[in-house]
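Participant: Okay, handing you the structure first.
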Amino acid sequence: MMIRSATALRNDYDGMVKLSTEKQEPIYLTRSGDGEMVFLPIALWEKRQAELELFAEIGRASCRER
């Protein structure tokens, strides 16, 4: 897990994009030491959304079998 400050994002947006894209993982952004946002490439977000939809469908199918 990568953790960076919101200031780092503001000061080096292109570097954060490159880092998150290369590592293919989200960057957790903090403000005053507290978690605030998650920064991740769109492709990774879409992949995670598809996985969540698949898990939801599996859960619905499992409930219908009972």
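Note on naming: chains are A, B, ... as they come in the structure tokens, residues start from 1 per chain, ligands start from 1 in the order shown.
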DSSP on the backbone: which residues in chain A end up as helix (DSSP H, G or I)? Give the answer as a ChimeraX atom specification.
Facilitator: /A:6-11,13-23,42-65
Participant: Quick one: distance from atom CA of Leu44 of chain A to atom CA of Thr21 of chain A in Å, one decimal?
Facilitator: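 Distance between the two atoms: 8.6 Å.
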Participant: Could you pull the residues within 9 Å of Met1 of chain A, counting only C-alpha atoms, minus those fewer than 4 positions along the same chain, as an mmCIF file with N, CA and C atoms, in the first residue's frame?
Facilitator:
data_model
loop_
_atom_site.group_PDB
_atom_site.id
_atom_site.type_symbol
_atom_site.label_atom_id
_atom_site.label_comp_id
_atom_site.auth_asym_id
_atom_site.auth_seq_id
_atom_site.Cartn_x
_atom_site.Cartn_y
_atom_site.Cartn_z
ATOM 1 N N GLU A 25 -1.458 -0.074 -8.357
ATOM 2 C CA GLU A 25 -2.112 -0.104 -7.057
ATOM 3 C C GLU A 25 -2.505 1.311 -6.662
ATOM 4 N N PRO A 26 -3.488 1.416 -5.778
ATOM 5 C CA PRO A 26 -3.934 2.752 -5.375
ATOM 6 C C PRO A 26 -2.921 3.441 -4.476
ATOM 7 N N ILE A 27 -3.027 4.753 -4.446
ATOM 8 C CA ILE A 27 -2.262 5.569 -3.513
ATOM 9 C C ILE A 27 -3.263 6.177 -2.546
ATOM 10 N N TYR A 28 -3.054 5.946 -1.268
ATOM 11 C CA TYR A 28 -3.922 6.508 -0.236
ATOM 12 C C TYR A 28 -3.399 7.895 0.102
#
Participant: Could you please determine the separation between atom CA of Arg10 of chain A and atom CA of Phe39 of chain A in Å, to one decimal place?
Facilitator: 12.1 Å
Participant: Nearest to Glu22 of chain A: which of A:Leu52, A:Leu40, A:Cys63, A:Leu9 is it, counting only C-alpha atoms?
Facilitator: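 Residue with the minimum atom-to-atom distance to Glu22 of chain A: A:Leu40.
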Participant: Compare A:Glu53, A:Thr30, A:Lys23, A:Val17 by their minimum atom-to-atom distance to Ser5 of chain A, counting only C-alpha atoms, and give me the closest one.
Facilitator: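 Using only C-alpha atoms, Ser5 of chain A sits closest to A:Thr30.
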Participant: Of the candidates A:Lys47, A:Arg4, A:Arg60, A:Tyr13, which one gets nearest to Asp34 of chain A if we count only C-alpha atoms?
Facilitator: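 Result for the nearest residue to Asp34 of chain A: A:Arg4.
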